[in-house]
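Enquirer: Supplied structure: final24.tsv, TSV, C-alpha atoms.
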chain	number	residue	atom	x	y	z
A	1210	MET	CA	-24.28	-18.17	-201.09
A	1211	ARG	CA	-23.23	-21.75	-201.93
A	1212	ASN	CA	-22.77	-20.84	-205.62
A	1213	LEU	CA	-20.63	-17.84	-204.66
A	1214	ILE	CA	-18.35	-20.01	-202.48
A	1215	ALA	CA	-18.13	-22.60	-205.22
A	1216	ALA	CA	-17.19	-19.98	-207.83
A	1217	MET	CA	-14.50	-18.53	-205.55
A	1218	LEU	CA	-13.00	-21.96	-204.88
A	1219	THR	CA	-13.10	-22.75	-208.63
A	1220	PHE	CA	-11.29	-19.51	-209.43
A	1221	ALA	CA	-8.68	-20.14	-206.75
A	1222	SER	CA	-8.05	-23.70	-207.89
A	1223	GLY	CA	-7.78	-22.49	-211.51
A	1224	ALA	CA	-5.22	-19.85	-210.54
A	1225	ALA	CA	-3.20	-22.40	-208.63
A	1226	LEU	CA	-3.21	-24.77	-211.58
A	1227	ALA	CA	-2.07	-21.96	-213.86
A	1228	GLN	CA	1.06	-21.50	-211.75
A	1229	GLU	CA	2.07	-25.16	-211.80
A	1230	THR	CA	4.79	-26.39	-214.20
A	1231	PRO	CA	3.10	-27.70	-217.35
A	1232	PRO	CA	3.56	-31.43	-218.04
A	1233	PRO	CA	6.00	-32.59	-220.76
A	1234	ALA	CA	4.73	-32.14	-224.27
A	1235	THR	CA	4.73	-35.88	-224.79
A	1236	GLU	CA	2.17	-36.38	-221.95
A	1237	ALA	CA	-1.49	-35.61	-222.34
A	1238	ALA	CA	-2.61	-33.20	-219.63
A	1239	PRO	CA	-5.92	-34.23	-218.03
A	1240	THR	CA	-8.59	-31.60	-218.34
A	1241	GLN	CA	-11.83	-30.92	-216.45
A	1242	SER	CA	-14.73	-28.98	-217.67
A	1243	THR	CA	-15.96	-25.96	-215.73
A	1244	ASP	CA	-19.15	-27.85	-214.74
A	1245	GLU	CA	-17.11	-30.74	-213.34
A	1246	ARG	CA	-14.96	-28.40	-211.26
A	1247	VAL	CA	-18.04	-26.56	-209.95
A	1248	THR	CA	-19.68	-29.88	-209.04
A	1249	GLU	CA	-16.55	-31.05	-207.22
A	1250	THR	CA	-16.29	-27.75	-205.31
A	1251	GLU	CA	-19.99	-27.89	-204.33
A	1252	GLY	CA	-19.33	-31.32	-202.86
A	1253	LYS	CA	-16.50	-29.93	-200.76
A	1254	VAL	CA	-18.70	-27.05	-199.57
A	1255	THR	CA	-21.47	-29.50	-198.61
A	1256	SER	CA	-18.97	-31.58	-196.65
A	1257	ILE	CA	-17.73	-28.49	-194.79
A	1258	GLU	CA	-21.30	-27.45	-193.97
A	1259	GLU	CA	-22.06	-30.90	-192.58
A	1260	GLN	CA	-18.95	-30.78	-190.39
A	1261	LEU	CA	-19.87	-27.31	-189.10
A	1262	ALA	CA	-23.41	-28.48	-188.29
A	1263	GLU	CA	-22.01	-31.42	-186.34
A	1264	ILE	CA	-19.62	-29.19	-184.39
A	1265	LYS	CA	-22.45	-26.78	-183.62
A	1266	SER	CA	-24.65	-29.58	-182.29
A	1267	ILE	CA	-21.83	-30.65	-179.97
A	1268	LEU	CA	-21.00	-27.15	-178.69
A	1269	SER	CA	-24.57	-25.89	-178.35
A	1270	PRO	CA	-25.25	-27.57	-174.96
A	1271	LEU	CA	-21.83	-26.47	-173.67
A	1272	SER	CA	-22.66	-22.83	-174.44
A	1273	LYS	CA	-25.45	-23.05	-171.85
A	1274	LEU	CA	-23.08	-24.29	-169.14
A	1275	LYS	CA	-21.14	-21.68	-167.17
A	1276	PHE	CA	-18.44	-22.24	-164.57
A	1277	SER	CA	-17.42	-19.52	-162.14
A	1278	GLY	CA	-15.79	-19.21	-158.76
A	1279	TYR	CA	-13.47	-17.27	-156.50
A	1280	VAL	CA	-10.84	-17.69	-153.80
A	1281	GLN	CA	-10.35	-15.34	-150.84
A	1282	GLY	CA	-6.94	-15.58	-149.23
A	1283	ARG	CA	-6.70	-13.61	-146.01
A	1284	TYR	CA	-4.41	-12.31	-143.29
A	1285	GLN	CA	-6.21	-11.26	-140.10
A	1286	TRP	CA	-5.07	-9.60	-136.89
A	1287	GLU	CA	-7.12	-9.03	-133.75
A	1288	GLN	CA	-6.23	-6.89	-130.76
A	1289	THR	CA	-5.56	-8.66	-127.46
A	1290	ARG	CA	-8.06	-7.79	-124.74
A	1291	GLU	CA	-7.11	-6.16	-121.42
A	1292	ASN	CA	-7.50	-9.45	-119.57
A	1293	GLY	CA	-5.10	-11.19	-121.95
A	1294	THR	CA	-7.78	-13.18	-123.79
A	1295	GLY	CA	-8.50	-13.09	-127.48
A	1296	GLY	CA	-6.16	-11.65	-130.02
A	1297	PHE	CA	-4.56	-13.48	-132.94
A	1298	SER	CA	-2.44	-13.10	-136.06
A	1299	ARG	CA	-3.18	-15.66	-138.72
A	1300	PHE	CA	-3.41	-16.53	-142.39
A	1301	THR	CA	-6.46	-18.35	-143.68
A	1302	VAL	CA	-8.52	-19.19	-146.73
A	1303	ARG	CA	-11.90	-17.69	-145.95
A	1304	ARG	CA	-13.79	-18.84	-149.02
A	1305	SER	CA	-12.96	-21.00	-152.00
A	1306	ARG	CA	-16.02	-21.39	-154.20
A	1307	LEU	CA	-16.73	-23.28	-157.39
A	1308	LYS	CA	-20.06	-22.76	-159.11
A	1309	ALA	CA	-21.66	-24.47	-162.11
A	1310	THR	CA	-24.81	-23.13	-163.78
A	1311	TYR	CA	-26.66	-24.65	-166.73
A	1312	THR	CA	-29.45	-22.49	-168.15
A	1313	GLY	CA	-31.89	-23.95	-170.65
A	1314	ASP	CA	-35.08	-22.60	-172.14
A	1315	ILE	CA	-37.35	-23.58	-169.25
A	1316	ALA	CA	-34.98	-24.91	-166.61
A	1317	GLN	CA	-31.82	-24.03	-164.73
A	1318	PHE	CA	-29.38	-26.12	-162.73
A	1319	MET	CA	-27.07	-24.46	-160.19
A	1320	LEU	CA	-24.55	-26.09	-157.87
A	1321	GLN	CA	-22.00	-24.31	-155.67
A	1322	ILE	CA	-19.50	-25.83	-153.25
A	1323	ASP	CA	-17.02	-24.28	-150.85
A	1324	ALA	CA	-13.64	-25.90	-150.24
A	1325	SER	CA	-11.90	-24.53	-147.16
A	1326	PRO	CA	-9.31	-25.81	-144.66
A	1327	SER	CA	-12.18	-27.19	-142.56
A	1328	GLY	CA	-13.58	-29.28	-145.43
A	1329	VAL	CA	-15.84	-29.19	-148.45
A	1330	THR	CA	-19.43	-28.05	-147.92
A	1331	LEU	CA	-22.47	-27.67	-150.13
A	1332	LYS	CA	-23.57	-24.05	-150.45
A	1333	ASP	CA	-26.20	-24.00	-153.19
A	1334	ALA	CA	-28.08	-26.74	-155.00
A	1335	GLU	CA	-30.96	-25.30	-156.98
A	1336	ALA	CA	-33.39	-26.82	-159.47
A	1337	THR	CA	-35.30	-24.00	-161.17
A	1338	LEU	CA	-38.29	-24.04	-163.50
A	1339	PHE	CA	-38.89	-20.94	-165.61
A	1340	ILE	CA	-42.63	-20.53	-165.83
A	1341	PRO	CA	-43.57	-20.93	-169.54
A	1342	GLY	CA	-44.64	-17.76	-171.28
A	1343	THR	CA	-42.84	-15.41	-168.87
A	1344	LYS	CA	-39.56	-15.08	-170.83
A	1345	GLN	CA	-37.67	-16.39	-167.77
A	1346	ASN	CA	-38.92	-13.47	-165.67
A	1347	GLN	CA	-40.80	-15.78	-163.31
A	1348	SER	CA	-39.50	-18.98	-161.80
A	1349	VAL	CA	-39.94	-21.60	-159.10
A	1350	THR	CA	-36.86	-22.99	-157.36
A	1351	LEU	CA	-36.59	-26.07	-155.15
A	1352	GLY	CA	-33.46	-27.04	-153.22
A	1353	GLN	CA	-30.88	-25.30	-151.06
A	1354	MET	CA	-30.59	-21.56	-151.67
A	1355	LYS	CA	-30.25	-18.14	-150.07
A	1356	TRP	CA	-33.10	-16.79	-148.01
A	1357	PRO	CA	-35.01	-14.12	-150.02
A	1358	PHE	CA	-34.60	-11.52	-147.29
A	1359	GLY	CA	-32.97	-8.10	-147.45
A	1360	TYR	CA	-29.97	-7.01	-149.47
A	1361	GLU	CA	-26.69	-7.94	-147.79
A	1362	ALA	CA	-27.62	-11.57	-147.04
A	1363	VAL	CA	-28.43	-12.17	-150.71
A	1364	GLN	CA	-25.41	-10.27	-152.05
A	1365	SER	CA	-22.49	-12.43	-153.14
A	1366	SER	CA	-19.47	-12.40	-150.84
A	1367	SER	CA	-17.31	-11.78	-153.91
A	1368	ASP	CA	-19.08	-8.45	-154.56
A	1369	ARG	CA	-19.20	-7.14	-151.00
A	1370	GLU	CA	-16.82	-4.32	-150.10
A	1371	PHE	CA	-16.12	-5.55	-146.55
A	1372	PRO	CA	-14.72	-9.02	-145.82
A	1373	GLU	CA	-17.67	-10.08	-143.63
A	1374	ARG	CA	-21.35	-9.28	-143.34
A	1375	THR	CA	-22.58	-6.96	-140.61
A	1376	ARG	CA	-23.32	-8.12	-137.08
A	1377	VAL	CA	-27.09	-7.76	-137.49
A	1378	ILE	CA	-27.10	-9.98	-140.59
A	1379	ARG	CA	-24.95	-12.62	-138.91
A	1380	ALA	CA	-27.42	-12.73	-136.00
A	1381	PHE	CA	-30.70	-12.87	-137.90
A	1382	LEU	CA	-29.51	-14.74	-141.02
A	1383	PRO	CA	-26.39	-16.60	-139.85
A	1384	ASP	CA	-26.23	-19.11	-142.70
A	1385	GLU	CA	-27.81	-16.97	-145.43
A	1386	ARG	CA	-29.07	-20.26	-146.86
A	1387	ASP	CA	-31.69	-22.89	-146.21
A	1388	ARG	CA	-33.66	-25.65	-147.90
A	1389	GLY	CA	-37.10	-24.94	-149.29
A	1390	VAL	CA	-39.09	-23.75	-152.30
A	1391	LYS	CA	-39.09	-20.20	-153.66
A	1392	TYR	CA	-40.98	-18.17	-156.25
A	1393	SER	CA	-39.24	-15.24	-157.99
A	1394	GLY	CA	-40.77	-12.73	-160.38
A	1395	LYS	CA	-39.81	-9.57	-162.25
A	1396	PHE	CA	-42.59	-7.18	-163.26
A	1397	GLY	CA	-40.98	-4.16	-164.88
A	1398	PHE	CA	-39.12	-2.38	-162.08
A	1399	LEU	CA	-40.82	-4.47	-159.39
A	1400	ARG	CA	-39.15	-7.52	-157.82
A	1401	LEU	CA	-40.92	-10.22	-155.84
A	1402	SER	CA	-39.42	-13.25	-154.12
A	1403	ALA	CA	-41.09	-15.46	-151.52
A	1404	GLY	CA	-40.88	-19.02	-150.31
A	1405	VAL	CA	-41.39	-21.69	-147.67
A	1406	PHE	CA	-38.28	-22.90	-145.84
A	1407	ASP	CA	-37.26	-25.19	-142.98
A	1408	GLY	CA	-36.09	-22.04	-141.22
A	1409	ASN	CA	-33.11	-23.51	-139.38
A	1410	GLY	CA	-30.47	-22.78	-142.02
A	1411	ILE	CA	-27.77	-25.17	-143.17
A	1412	ASN	CA	-25.67	-25.05	-139.99
A	1413	PHE	CA	-28.37	-24.90	-137.36
A	1414	PRO	CA	-26.86	-25.26	-133.87
A	1415	ASN	CA	-26.62	-28.89	-132.72
A	1416	SER	CA	-28.55	-30.21	-135.70
A	1417	ALA	CA	-25.86	-30.59	-138.40
A	1418	GLY	CA	-28.10	-28.58	-140.71
A	1419	VAL	CA	-30.99	-31.07	-140.49
A	1420	ASP	CA	-34.47	-29.71	-139.79
A	1421	ASN	CA	-35.63	-31.04	-136.44
A	1422	ASP	CA	-39.34	-30.17	-136.49
A	1423	LYS	CA	-42.40	-29.86	-138.73
A	1424	GLU	CA	-42.49	-26.07	-138.40
A	1425	LYS	CA	-41.95	-24.16	-141.64
A	1426	ASP	CA	-41.07	-20.49	-142.07
A	1427	LEU	CA	-42.53	-18.06	-144.61
A	1428	ILE	CA	-39.90	-15.65	-145.99
A	1429	GLY	CA	-40.16	-13.03	-148.72
A	1430	ARG	CA	-39.13	-9.68	-150.11
A	1431	ALA	CA	-40.97	-7.13	-152.26
A	1432	GLY	CA	-38.64	-4.66	-153.91
A	1433	PHE	CA	-37.98	-2.32	-156.81
A	1434	ASP	CA	-35.05	-1.58	-159.10
A	1435	LEU	CA	-34.77	1.74	-160.94
A	1436	LYS	CA	-31.07	1.30	-161.76
A	1437	TRP	CA	-29.87	4.35	-159.78
A	1438	ILE	CA	-32.02	3.52	-156.75
A	1439	SER	CA	-33.31	0.19	-155.48
A	1440	GLY	CA	-34.65	-1.28	-152.27
A	1441	GLY	CA	-37.37	-3.32	-150.68
A	1442	ILE	CA	-39.14	-4.58	-147.59
A	1443	SER	CA	-38.74	-8.10	-146.24
A	1444	GLY	CA	-40.70	-10.29	-143.89
A	1445	TRP	CA	-40.18	-13.57	-142.08
A	1446	TYR	CA	-42.62	-15.49	-139.91
A	1447	GLY	CA	-42.22	-18.95	-138.45
A	1448	HIS	CA	-41.49	-21.02	-135.37
A	1449	THR	CA	-38.68	-23.16	-134.05
A	1450	ILE	CA	-38.65	-26.08	-131.63
A	1451	PRO	CA	-35.29	-26.27	-129.85
A	1452	LEU	CA	-33.25	-29.45	-129.56
A	1453	VAL	CA	-33.39	-29.95	-125.80
A	1454	LYS	CA	-33.83	-32.91	-123.55
A	1455	ALA	CA	-37.36	-33.89	-122.64
A	1456	VAL	CA	-36.71	-33.15	-118.97
A	1457	GLU	CA	-35.89	-29.53	-119.87
A	1458	ASP	CA	-38.83	-29.03	-122.21
A	1459	PRO	CA	-41.20	-32.03	-121.97
A	1460	TYR	CA	-43.75	-30.45	-124.31
A	1461	ARG	CA	-41.22	-29.23	-126.93
A	1462	LEU	CA	-42.70	-25.76	-127.16
A	1463	ALA	CA	-42.59	-23.86	-130.45
A	1464	TYR	CA	-41.02	-20.41	-130.17
A	1465	GLU	CA	-41.74	-17.58	-132.56
A	1466	ARG	CA	-39.01	-16.78	-135.09
A	1467	SER	CA	-39.83	-13.60	-136.99
A	1468	ARG	CA	-38.13	-10.65	-138.67
A	1469	ILE	CA	-39.12	-7.55	-140.60
A	1470	GLY	CA	-36.66	-5.50	-142.57
A	1471	ALA	CA	-36.16	-2.66	-145.02
A	1472	ASP	CA	-33.22	-1.92	-147.31
A	1473	LEU	CA	-32.24	0.84	-149.73
A	1474	GLN	CA	-29.37	1.34	-152.20
A	1475	VAL	CA	-28.62	4.60	-154.03
A	1476	TYR	CA	-26.06	4.89	-156.83
A	1477	LEU	CA	-24.85	8.40	-157.75
A	1478	ASP	CA	-22.35	9.88	-160.18
A	1479	PHE	CA	-21.83	13.49	-159.20
A	1480	LEU	CA	-18.17	13.53	-158.10
A	1481	PRO	CA	-15.45	13.81	-160.76
A	1482	VAL	CA	-13.32	11.10	-159.12
A	1483	GLY	CA	-15.88	8.31	-159.61
A	1484	ALA	CA	-19.27	6.85	-158.75
A	1485	THR	CA	-20.74	6.92	-155.24
A	1486	ALA	CA	-22.99	4.35	-153.56
A	1487	LEU	CA	-25.05	4.62	-150.39
A	1488	LYS	CA	-26.54	1.48	-148.85
A	1489	GLY	CA	-28.48	0.80	-145.69
A	1490	GLU	CA	-30.65	-1.85	-144.03
A	1491	TYR	CA	-32.71	-2.21	-140.85
A	1492	ILE	CA	-33.95	-5.44	-139.27
A	1493	LYS	CA	-36.06	-6.07	-136.20
A	1494	GLY	CA	-37.12	-9.50	-135.02
A	1495	LYS	CA	-37.42	-12.21	-132.43
A	1496	THR	CA	-35.23	-15.30	-131.89
A	1497	PHE	CA	-31.74	-15.13	-133.35
A	1498	VAL	CA	-28.37	-16.86	-133.19
A	1499	SER	CA	-25.46	-15.62	-131.06
A	1500	ASN	CA	-22.14	-17.46	-130.71
A	1501	GLY	CA	-23.67	-20.62	-132.16
A	1502	THR	CA	-26.65	-20.63	-129.78
A	1503	GLU	CA	-30.23	-19.83	-130.73
A	1504	LEU	CA	-31.65	-17.30	-128.28
A	1505	LEU	CA	-35.33	-18.20	-128.13
A	1506	ASP	CA	-38.11	-15.64	-128.00
A	1507	ARG	CA	-35.51	-12.85	-127.59
A	1508	PRO	CA	-36.35	-9.55	-129.37
A	1509	ALA	CA	-33.49	-7.74	-131.09
A	1510	SER	CA	-32.85	-5.12	-133.75
A	1511	GLY	CA	-30.04	-3.65	-135.77
A	1512	TRP	CA	-29.04	-1.64	-138.81
A	1513	TYR	CA	-26.10	-0.60	-140.94
A	1514	ALA	CA	-25.14	2.27	-143.25
A	1515	LEU	CA	-22.47	1.99	-145.94
A	1516	LEU	CA	-20.79	4.64	-148.11
A	1517	VAL	CA	-18.69	3.52	-151.08
A	1518	GLN	CA	-16.65	5.96	-153.17
A	1519	ASN	CA	-14.90	4.85	-156.34
A	1520	ILE	CA	-11.64	6.58	-157.22
A	1521	GLY	CA	-11.12	6.14	-160.91
A	1522	VAL	CA	-11.70	2.65	-162.25
A	1523	THR	CA	-9.16	0.74	-160.14
A	1524	ASP	CA	-9.62	2.01	-156.57
A	1525	ALA	CA	-12.37	2.51	-154.01
A	1526	VAL	CA	-12.80	3.36	-150.34
A	1527	ALA	CA	-15.75	2.49	-148.12
A	1528	VAL	CA	-16.93	3.41	-144.65
A	1529	ARG	CA	-19.49	1.33	-142.76
A	1530	TYR	CA	-21.25	1.62	-139.44
A	1531	ASP	CA	-23.34	-1.26	-138.17
A	1532	TYR	CA	-25.28	-1.48	-134.93
A	1533	PHE	CA	-26.85	-4.48	-133.26
A	1534	ASP	CA	-28.85	-4.53	-130.04
A	1535	PRO	CA	-29.39	-8.14	-128.86
A	1536	SER	CA	-31.77	-7.06	-126.10
A	1537	ASN	CA	-33.77	-4.48	-128.05
A	1538	GLY	CA	-33.57	-1.50	-125.74
A	1539	THR	CA	-32.60	-3.13	-122.45
A	1540	PRO	CA	-30.08	-0.94	-120.57
A	1541	ALA	CA	-26.42	-1.95	-120.67
A	1542	LEU	CA	-25.31	-4.27	-117.89
A	1543	ALA	CA	-22.15	-5.77	-116.46
A	1544	ASP	CA	-21.43	-9.45	-116.95
A	1545	SER	CA	-22.80	-11.49	-114.04
A	1546	LYS	CA	-19.56	-13.51	-113.75
A	1547	ASN	CA	-17.11	-10.69	-114.46
A	1548	PRO	CA	-18.23	-7.28	-113.12
A	1549	THR	CA	-15.64	-5.41	-115.21
A	1550	ALA	CA	-16.81	-6.89	-118.52
A	1551	PRO	CA	-19.97	-5.97	-120.45
A	1552	ALA	CA	-22.92	-8.37	-120.56
A	1553	GLY	CA	-23.61	-10.31	-123.72
A	1554	THR	CA	-26.91	-8.46	-124.06
A	1555	ASN	CA	-25.24	-5.07	-124.50
A	1556	ALA	CA	-25.51	-3.32	-127.85
A	1557	VAL	CA	-22.48	-3.18	-130.15
A	1558	GLY	CA	-21.71	-0.56	-132.78
A	1559	THR	CA	-18.86	-1.11	-135.23
A	1560	VAL	CA	-17.05	1.44	-137.38
A	1561	GLY	CA	-15.20	0.02	-140.36
A	1562	LEU	CA	-12.96	1.46	-143.06
A	1563	THR	CA	-11.75	-0.39	-146.12
A	1564	ALA	CA	-9.57	0.46	-149.13
A	1565	ILE	CA	-9.84	-1.61	-152.32
A	1566	HIS	CA	-7.63	-1.88	-155.39
A	1567	TYR	CA	-8.72	-3.78	-158.51
A	1568	PHE	CA	-6.04	-5.48	-160.59
A	1569	GLY	CA	-8.34	-5.81	-163.59
A	1570	GLU	CA	-11.61	-7.72	-163.57
A	1571	ASN	CA	-10.36	-10.89	-161.89
A	1572	LEU	CA	-8.26	-9.78	-158.92
A	1573	LYS	CA	-8.83	-7.33	-156.08
A	1574	LEU	CA	-6.96	-6.50	-152.89
A	1575	SER	CA	-8.60	-4.95	-149.82
A	1576	ALA	CA	-7.37	-3.73	-146.45
A	1577	THR	CA	-9.99	-3.30	-143.71
A	1578	TYR	CA	-9.90	-1.98	-140.17
A	1579	GLU	CA	-12.89	-2.41	-137.83
A	1580	HIS	CA	-13.43	-0.92	-134.39
A	1581	PRO	CA	-16.32	-2.45	-132.37
A	1582	MET	CA	-17.76	-0.34	-129.54
A	1583	THR	CA	-19.73	-2.20	-126.85
A	1584	ALA	CA	-22.16	-0.31	-124.65
A	1585	VAL	CA	-20.84	-0.19	-121.08
A	1586	VAL	CA	-21.82	1.08	-117.64
A	1587	ALA	CA	-19.69	2.43	-114.76
A	1588	ASP	CA	-16.61	0.34	-113.93
A	1589	VAL	CA	-17.10	-1.72	-117.11
A	1590	HIS	CA	-14.52	-1.53	-119.88
A	1591	ASP	CA	-15.16	-1.69	-123.59
A	1592	PRO	CA	-13.23	-4.79	-124.75
A	1593	HIS	CA	-10.19	-4.26	-126.96
A	1594	ASP	CA	-11.30	-6.26	-129.99
A	1595	ASP	CA	-10.30	-4.22	-133.05
A	1596	GLN	CA	-9.56	-6.20	-136.19
A	1597	PHE	CA	-7.40	-5.65	-139.25
A	1598	THR	CA	-7.91	-7.77	-142.37
A	1599	VAL	CA	-6.00	-7.96	-145.64
A	1600	GLN	CA	-7.75	-10.01	-148.29
A	1601	MET	CA	-6.87	-10.89	-151.87
A	1602	GLN	CA	-9.63	-12.27	-154.05
A	1603	ALA	CA	-9.22	-13.96	-157.40
A	1604	ARG	CA	-12.31	-14.85	-159.42
A	1605	PHE	CA	-13.21	-16.18	-162.82
If you convert what's in this file into structure tokens, what do you get?

Expert:
Amino acid sequence: MRNLIAAMLTFASGAALAQETPPPATEAAPTQSTDERVTETEGKVTSIEEQLAEIKSILSPLSKLKFSGYVQGRYQWEQTRENGTGGFSRFTVRRSRLKATYTGDIAQFMLQIDASPSGVTLKDAEATLFIPGTKQNQSVTLGQMKWPFGYEAVQSSSDREFPERTRVIRAFLPDERDRGVKYSGKFGFLRLSAGVFDGNGINFPNSAGVDNDKEKDLIGRAGFDLKWISGGISGWYGHTIPLVKAVEDPYRLAYERSRIGADLQVYLDFLPVGATALKGEYIKGKTFVSNGTELLDRPASGWYALLVQNIGVTDAVAVRYDYFDPSNGTPALADSKNPTAPAGTNAVGTVGLTAIHYFGENLKLSATYEHPMTAVVADVHDPHDDQFTVQMQARF
């Protein structure tokens, strides 16, 4: 290959010399033998190869480093309730993420931050070891990461069709993230992920995200992925010790915090207008978070069903129904302080509709309307709390 390049350069230089104006007859034109020109050209080729090798050594580590991120600008409107409370019309930046990932042969570094009007927070900080001999199909991760539970909690907010996660996910997995250690493995179509975590999340009520006890939670998911259909079952078992004054709980009792869930996703392509996706998830458990407060030893359950229909390659519509029962079957009640309002333990079902338009790969616009329906009894009114959200997301 080197001799071929040298010959081509020699030919080109000879042709160029042939076109130059010959020197005056009185001057002796310097001449080079063919071997001398070939030797000179080989030296130039060697120099070029050395420069290319140096550039490659500099760029090789950078090729393993990937930056990504997205910004979600939002306008949101909420209906004013009958008693005059609630209701708003506002612009906000919901998420503004920047993520850096460096993937080597046996290790991976991942850091993600979120910059919002309320400040800059750490979302993910993962140190991962790829188990040698597994072709990066098995790994151990230590740091701050998403809980390996279910589908929607793990799904990126940039990929989700609706602007926010369902009510049941926000109750059982309010932060989606925690600090701990996790094992992940791929075995053909099987997927396994399990770990040990603090259990309190990164924004645990009244703790500033700091674990306040020695209790650890076991969390995991066993799933499958056959491309057109995927799903899994998830489990969570642990305990929590609330942050209360000694006079309220002198023995600092540990309360059970557990969940069990199942999820399924089906991807079809039978309509001429575009692909269709059906997704659903069910969770039942004990101890969850509501309005920033951990409700101890309280059983609850919930589920959601989502239908997504693509229209061509630039548009999509989605319909979602999610249901959450914070008292797990207890009959609906009136609020003890306001007899015309529903109790906080009443079940809530929400119907949502969203339309999405993609401006290429990096920009999408969505408009979403959601109608919550709270279970009521006689003389109790369902609150007027519909919401309309317009969101534009740019990602790279």

Enquirer: Which is closer to Gly1538 in chain A than all the others in A:Arg1386, A:Gly1511, A:Thr1583, A:Gly1521, using all atoms listed in the file?

Expert: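 Using all atoms listed in the file, Gly1538 in chain A sits closest to A:Gly1511.
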
Enquirer: Could you work out how far CA of Gly1359 in chain A lies from CA of Leu1462 in chain A, giving the answer in Å with one decimal?

Expert: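 These two atoms are separated by 28.6 Å.
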
Enquirer: Using all atoms listed in the file, which of the listed residues (A:Val1377, A:Val1280, A:Ala1334, A:Leu1487) sits closest to Tyr1311 in chain A?

Expert: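 Ranking A:Val1377, A:Val1280, A:Ala1334, A:Leu1487 by distance to Tyr1311 in chain A, first place goes to A:Ala1334.
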
Enquirer: Which one is closest to Gln1281 in chain A: A:Asp1422, A:Glu1503, A:Asp1434, A:Asp1368? Count all atoms listed in the file.

Expert: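 Comparing A:Asp1422, A:Glu1503, A:Asp1434, A:Asp1368 against Gln1281 in chain A, the winner is A:Asp1368.
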
Enquirer: Mind giving me the straight-line distance from CA of Ser1536 in chain A to CA of Gly1553 in chain A in Å, one decimal?

Expert: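 Rounded to one decimal, the two atoms are 9.1 Å apart.
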
Enquirer: Name the closest residue to Gly1440 in chain A among the candidates A:Tyr1491, A:Leu1338, A:Thr1598, A:Lys1391; distances are taken between atoms, counting all atoms listed in the file.

Expert: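 Comparing A:Tyr1491, A:Leu1338, A:Thr1598, A:Lys1391 against Gly1440 in chain A, the winner is A:Tyr1491.
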
Enquirer: Work out how far CA of Thr1350 in chain A is from CA of Asp1314 in chain A, in Å to one decimal.

Expert: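 Spanning CA of Asp1314 in chain A to CA of Thr1350 in chain A is a straight-line distance of 14.9 Å.
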
Enquirer: Taking into account only C-alpha atoms, which residue in the set A:Leu1382, A:Leu1572, A:Val1557, A:Leu1562 is nearest to Gly1408 in chain A?

Expert: A:Leu1382

Enquirer: For Ser1298 in chain A, find every residue with an atom within 8 Å (counting only C-alpha atoms), except residues of its own chain fewer than 5 positions away, and show them as a ChimeraX atom specification.

Expert: /A:1284-1287

Enquirer: For His1566 in chain A, which of A:Pro1535, A:Thr1523, A:Tyr1578, A:Ala1550 is the closest residue, counting all atoms listed in the file?

Expert: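 Counting all atoms listed in the file, the residue closest to His1566 in chain A is A:Thr1523.
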
Enquirer: Can you tell me which residues surround Glu1490 in chain A at a distance of at most 10 Å, considering all atoms listed in the file, apart from same-chain residues fewer than 4 positions away, and format the answer as a CSV table (one decimal) with C-alpha atoms, keeping the file's coordinate frame?

Expert:
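Result file follows (selection18.csv):
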chain,number,residue,atom,x,y,z
A,1359,GLY,CA,-33.0,-8.1,-147.4
A,1360,TYR,CA,-30.0,-7.0,-149.5
A,1361,GLU,CA,-26.7,-7.9,-147.8
A,1377,VAL,CA,-27.1,-7.8,-137.5
A,1378,ILE,CA,-27.1,-10.0,-140.6
A,1440,GLY,CA,-34.6,-1.3,-152.3
A,1441,GLY,CA,-37.4,-3.3,-150.7
A,1442,ILE,CA,-39.1,-4.6,-147.6
A,1470,GLY,CA,-36.7,-5.5,-142.6
A,1471,ALA,CA,-36.2,-2.7,-145.0
A,1472,ASP,CA,-33.2,-1.9,-147.3
A,1473,LEU,CA,-32.2,0.8,-149.7
A,1474,GLN,CA,-29.4,1.3,-152.2
A,1511,GLY,CA,-30.0,-3.6,-135.8
A,1512,TRP,CA,-29.0,-1.6,-138.8
A,1513,TYR,CA,-26.1,-0.6,-140.9
A,1514,ALA,CA,-25.1,2.3,-143.2
A,1515,LEU,CA,-22.5,2.0,-145.9
A,1531,ASP,CA,-23.3,-1.3,-138.2
